[in-house]
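Novice: Take this structure first; my questions come after.
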Amino acid sequence: MPKMSKTVVASLLVIAIQAPPHAQLSNQSNGDNGPAIGATVVPLAVRVDAAGNIYIVDNQNGRVRKVTAGSGIIETVAGSTRGIGGDGGPAKAAQLQTPKDLVIDSAGNLYIADLNGNQIRKVTTDGIISTFARTPNPVGLAMDSSGTLYISQLGNRVVKIAPGT
């Protein structure tokens with residue numbers, strides 16, 4: 001399995017954290033299909049999949065971005081504009097209102113907590129988005145080895161969704 005060097009990961013995260021203040025304006029995300037080091041990203045959460053790809057929740061821009069392991073190329077994998085539409089279509093064209101967190105299951109599907117959309121969105125490995133669950137104020141996600149999804153909500157509540165429910 002390919003791995004990114006610690007230096008490359010650290011450089012990507014430093015660049016992302018140092019995004020200019022004006023990047024906090026909606027739809028200021030840029031750099032798709034180019035080197036991540038040149039992209040404007042306002043990160044909130046970061047996850048790494050089994051292949052070493054880095055996923056960044058770009059909260060202020062309503063997107064989830066992916067930095068491909070090995071090449072360092074960044075692309076948007078979910079979100080185009082703020083909103084809650086797009087179920088059943090390409091995740092890149094869908095709307096995300098306020099993404100806060102994500103997890104990646106063992107098959108490589110993404111689950112995105114959308115705070116103001118009051119839902120968990122699922123992006124399949126073939127790039128199709130759907131609403132996985134509707135839940136008030138989701139802000140954090142975790143998944144155990146059996147595929148059970150745990151959702152933290154504002155107001156100190158945790159919801160558990162077992163596989164197949």
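For the structure tokens, the naming scheme is as follows: chains receive sequential letters (A, B, ...) according to their order of presentation, residues are indexed from 1 within each chain, and ligands are indexed from 1 in presentation order.
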Give the strand (DSSP E) residues of segment 27-163 of chain A, as DSSP finds them on the backbone, and put them as a PyMOL selection string.
Specialist: chain A and resi 34-35+43-48+54-58+63-67+73-78+99-104+110-114+119-123+129-134+138-143+149-153+157-161
Novice: Neighbouring residues of segment 108-110 of chain A were defined as those with any atom within 12 Å, considering only C-alpha atoms; residues of the same chain fewer than 6 positions away were excluded. Please report them as number ranges by chain.
Specialist: A: 47-53, 55-57, 64-66, 77-78, 91, 101-102, 120-132, 141-143, 147, 149
Novice: So that I can check the surroundings of Ser71 of chain A, please list as a ChimeraX atom specification every protein, DNA and RNA residue that reaches within 10 Å of it, counting only C-alpha atoms and ignoring chain neighbours fewer than 5 positions away.
Specialist: /A:4,34-36,53
Novice: With all heavy atoms retained, export the selected residues as a PDB file, in the first residue's frame.
Specialist:
ATOM      1  N   MET A   4       2.448   8.194   1.920  1.00  0.00           N
ATOM      2  CA  MET A   4       3.062   9.501   1.730  1.00  0.00           C
ATOM      3  C   MET A   4       4.109   9.679   2.819  1.00  0.00           C
ATOM      4  O   MET A   4       3.937   9.193   3.930  1.00  0.00           O
ATOM      5  CB  MET A   4       2.020  10.615   1.840  1.00  0.00           C
ATOM      6  CG  MET A   4       1.012  10.632   0.722  1.00  0.00           C
ATOM      7  SD  MET A   4      -0.034  12.067   0.843  1.00  0.00           S
ATOM      8  CE  MET A   4       0.762  13.115  -0.341  1.00  0.00           C
ATOM      9  N   GLY A  34      -4.726  20.178  -9.434  1.00  0.00           N
ATOM     10  CA  GLY A  34      -3.356  20.674  -9.412  1.00  0.00           C
ATOM     11  C   GLY A  34      -2.689  20.265  -8.112  1.00  0.00           C
ATOM     12  O   GLY A  34      -3.289  19.571  -7.273  1.00  0.00           O
ATOM     13  N   PRO A  35      -1.463  20.689  -7.894  1.00  0.00           N
ATOM     14  CA  PRO A  35      -0.758  20.346  -6.655  1.00  0.00           C
ATOM     15  C   PRO A  35      -1.472  20.929  -5.436  1.00  0.00           C
ATOM     16  O   PRO A  35      -1.878  22.091  -5.451  1.00  0.00           O
ATOM     17  CB  PRO A  35       0.617  20.989  -6.827  1.00  0.00           C
ATOM     18  CG  PRO A  35       0.753  21.276  -8.284  1.00  0.00           C
ATOM     19  CD  PRO A  35      -0.636  21.473  -8.807  1.00  0.00           C
ATOM     20  N   ALA A  36      -1.627  20.120  -4.410  1.00  0.00           N
ATOM     21  CA  ALA A  36      -2.317  20.565  -3.194  1.00  0.00           C
ATOM     22  C   ALA A  36      -1.629  21.767  -2.576  1.00  0.00           C
ATOM     23  O   ALA A  36      -2.279  22.618  -1.974  1.00  0.00           O
ATOM     24  CB  ALA A  36      -2.393  19.424  -2.192  1.00  0.00           C
ATOM     25  N   ASN A  53      -4.521   8.304   0.842  1.00  0.00           N
ATOM     26  CA  ASN A  53      -5.134   9.534   0.342  1.00  0.00           C
ATOM     27  C   ASN A  53      -5.613  10.355   1.529  1.00  0.00           C
ATOM     28  O   ASN A  53      -6.118   9.803   2.513  1.00  0.00           O
ATOM     29  CB  ASN A  53      -6.314   9.220  -0.578  1.00  0.00           C
ATOM     30  CG  ASN A  53      -5.896   8.421  -1.784  1.00  0.00           C
ATOM     31  OD1 ASN A  53      -4.964   8.792  -2.487  1.00  0.00           O
ATOM     32  ND2 ASN A  53      -6.560   7.305  -2.019  1.00  0.00           N
TER      33      ASN A  53
END
Novice: I'd like the neighbourhood of Gly86 of chain A as a PyMOL selection string, where a residue qualifies if any of its atoms comes within 7 Å (using only C-alpha atoms), though same-chain residues fewer than 5 positions away should be ignored.
Specialist: chain A and resi 93-95
Novice: Among chain A, which residues carry a DSSP assignment of alpha helix (DSSP H), reported as an NGL selection string?
Specialist: :A and (6-17)
Novice: Pull all heavy atoms from the residues just selected and write them as a JSON list (two decimals), in the first residue's frame.
Specialist:
[["chain", "number", "residue", "atom", "x", "y", "z"],
["A", 6, "LYS", "N", 6.14, 11.56, 5.76],
["A", 6, "LYS", "CA", 5.69, 12.47, 6.81],
["A", 6, "LYS", "C", 5.92, 13.92, 6.41],
["A", 6, "LYS", "O", 5.13, 14.78, 6.73],
["A", 6, "LYS", "CB", 6.42, 12.15, 8.11],
["A", 6, "LYS", "CG", 5.98, 10.85, 8.73],
["A", 6, "LYS", "CD", 6.74, 10.57, 9.99],
["A", 6, "LYS", "CE", 6.33, 9.20, 10.52],
["A", 6, "LYS", "NZ", 7.09, 8.83, 11.71],
["A", 7, "THR", "N", 6.97, 14.18, 5.67],
["A", 7, "THR", "CA", 7.26, 15.54, 5.23],
["A", 7, "THR", "C", 6.19, 16.05, 4.29],
["A", 7, "THR", "O", 5.71, 17.17, 4.44],
["A", 7, "THR", "CB", 8.63, 15.59, 4.52],
["A", 7, "THR", "OG1", 9.62, 15.08, 5.40],
["A", 7, "THR", "CG2", 8.97, 17.00, 4.10],
["A", 8, "VAL", "N", 5.75, 15.24, 3.33],
["A", 8, "VAL", "CA", 4.72, 15.66, 2.39],
["A", 8, "VAL", "C", 3.42, 15.92, 3.13],
["A", 8, "VAL", "O", 2.77, 16.94, 2.94],
["A", 8, "VAL", "CB", 4.51, 14.60, 1.28],
["A", 8, "VAL", "CG1", 3.29, 14.94, 0.45],
["A", 8, "VAL", "CG2", 5.74, 14.54, 0.40],
["A", 9, "VAL", "N", 3.02, 15.02, 4.03],
["A", 9, "VAL", "CA", 1.79, 15.20, 4.80],
["A", 9, "VAL", "C", 1.88, 16.47, 5.62],
["A", 9, "VAL", "O", 0.98, 17.30, 5.63],
["A", 9, "VAL", "CB", 1.50, 13.98, 5.69],
["A", 9, "VAL", "CG1", 0.33, 14.26, 6.61],
["A", 9, "VAL", "CG2", 1.21, 12.76, 4.84],
["A", 10, "ALA", "N", 3.00, 16.67, 6.32],
["A", 10, "ALA", "CA", 3.17, 17.87, 7.14],
["A", 10, "ALA", "C", 3.10, 19.13, 6.29],
["A", 10, "ALA", "O", 2.46, 20.10, 6.66],
["A", 10, "ALA", "CB", 4.49, 17.80, 7.90],
["A", 11, "SER", "N", 3.73, 19.12, 5.12],
["A", 11, "SER", "CA", 3.70, 20.29, 4.24],
["A", 11, "SER", "C", 2.29, 20.59, 3.77],
["A", 11, "SER", "O", 1.88, 21.74, 3.75],
["A", 11, "SER", "CB", 4.59, 20.06, 3.02],
["A", 11, "SER", "OG", 5.93, 19.93, 3.40],
["A", 12, "LEU", "N", 1.53, 19.56, 3.40],
["A", 12, "LEU", "CA", 0.15, 19.77, 2.95],
["A", 12, "LEU", "C", -0.69, 20.38, 4.06],
["A", 12, "LEU", "O", -1.46, 21.30, 3.84],
["A", 12, "LEU", "CB", -0.46, 18.45, 2.50],
["A", 12, "LEU", "CG", 0.09, 17.86, 1.22],
["A", 12, "LEU", "CD1", -0.48, 16.46, 1.00],
["A", 12, "LEU", "CD2", -0.20, 18.75, 0.04],
["A", 13, "LEU", "N", -0.53, 19.86, 5.28],
["A", 13, "LEU", "CA", -1.33, 20.35, 6.38],
["A", 13, "LEU", "C", -0.94, 21.77, 6.76],
["A", 13, "LEU", "O", -1.79, 22.59, 7.05],
["A", 13, "LEU", "CB", -1.23, 19.41, 7.58],
["A", 13, "LEU", "CG", -1.81, 18.02, 7.34],
["A", 13, "LEU", "CD1", -1.62, 17.15, 8.57],
["A", 13, "LEU", "CD2", -3.26, 18.08, 6.95],
["A", 14, "VAL", "N", 0.34, 22.09, 6.73],
["A", 14, "VAL", "CA", 0.78, 23.44, 7.03],
["A", 14, "VAL", "C", 0.22, 24.41, 6.00],
["A", 14, "VAL", "O", -0.30, 25.46, 6.33],
["A", 14, "VAL", "CB", 2.32, 23.54, 7.09],
["A", 14, "VAL", "CG1", 2.78, 24.99, 7.11],
["A", 14, "VAL", "CG2", 2.83, 22.81, 8.33],
["A", 15, "ILE", "N", 0.29, 24.06, 4.72],
["A", 15, "ILE", "CA", -0.24, 24.92, 3.67],
["A", 15, "ILE", "C", -1.74, 25.12, 3.89],
["A", 15, "ILE", "O", -2.25, 26.22, 3.80],
["A", 15, "ILE", "CB", 0.02, 24.33, 2.28],
["A", 15, "ILE", "CG1", 1.52, 24.34, 1.98],
["A", 15, "ILE", "CG2", -0.74, 25.06, 1.19],
["A", 15, "ILE", "CD1", 2.18, 25.70, 2.05],
["A", 16, "ALA", "N", -2.46, 24.04, 4.19],
["A", 16, "ALA", "CA", -3.90, 24.14, 4.39],
["A", 16, "ALA", "C", -4.22, 25.01, 5.59],
["A", 16, "ALA", "O", -5.11, 25.85, 5.53],
["A", 16, "ALA", "CB", -4.50, 22.75, 4.56],
["A", 17, "ILE", "N", -3.50, 24.85, 6.66],
["A", 17, "ILE", "CA", -3.77, 25.63, 7.87],
["A", 17, "ILE", "C", -3.46, 27.09, 7.64],
["A", 17, "ILE", "O", -4.09, 27.97, 8.21],
["A", 17, "ILE", "CB", -2.96, 25.06, 9.05],
["A", 17, "ILE", "CG1", -3.54, 23.71, 9.44],
["A", 17, "ILE", "CG2", -2.97, 26.00, 10.25],
["A", 17, "ILE", "CD1", -2.69, 22.91, 10.38]]
Novice: What's the separation between atom CA of Ser106 of chain A and atom CA of Asn30 of chain A, in Å to one decimal place?
Specialist: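 It comes out at 29.3 Å.
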Novice: Quick one: residues within 10 Å of Leu154 of chain A, only C-alpha atoms counted, chain neighbours fewer than 2 positions away excluded, as a list in words?
Specialist: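 Contacts, with the query itself left out: Leu115, Pro136, Asn137, Pro138, Val139, Gly140, Ser152, Asn156, Arg157 and Val158 of chain A.
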Novice: One number please: atom CA of Gly117 of chain A to atom CA of Arg134 of chain A, in Å, one decimal.
Specialist: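 Calculated distance between atom CA of Gly117 of chain A and atom CA of Arg134 of chain A is 8.6 Å.
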Novice: Which of these residues is nearest to Asp105 of chain A, using only C-alpha atoms: A:Arg63, A:Ile54, A:Ile84, A:Pro163?
Specialist: A:Pro163
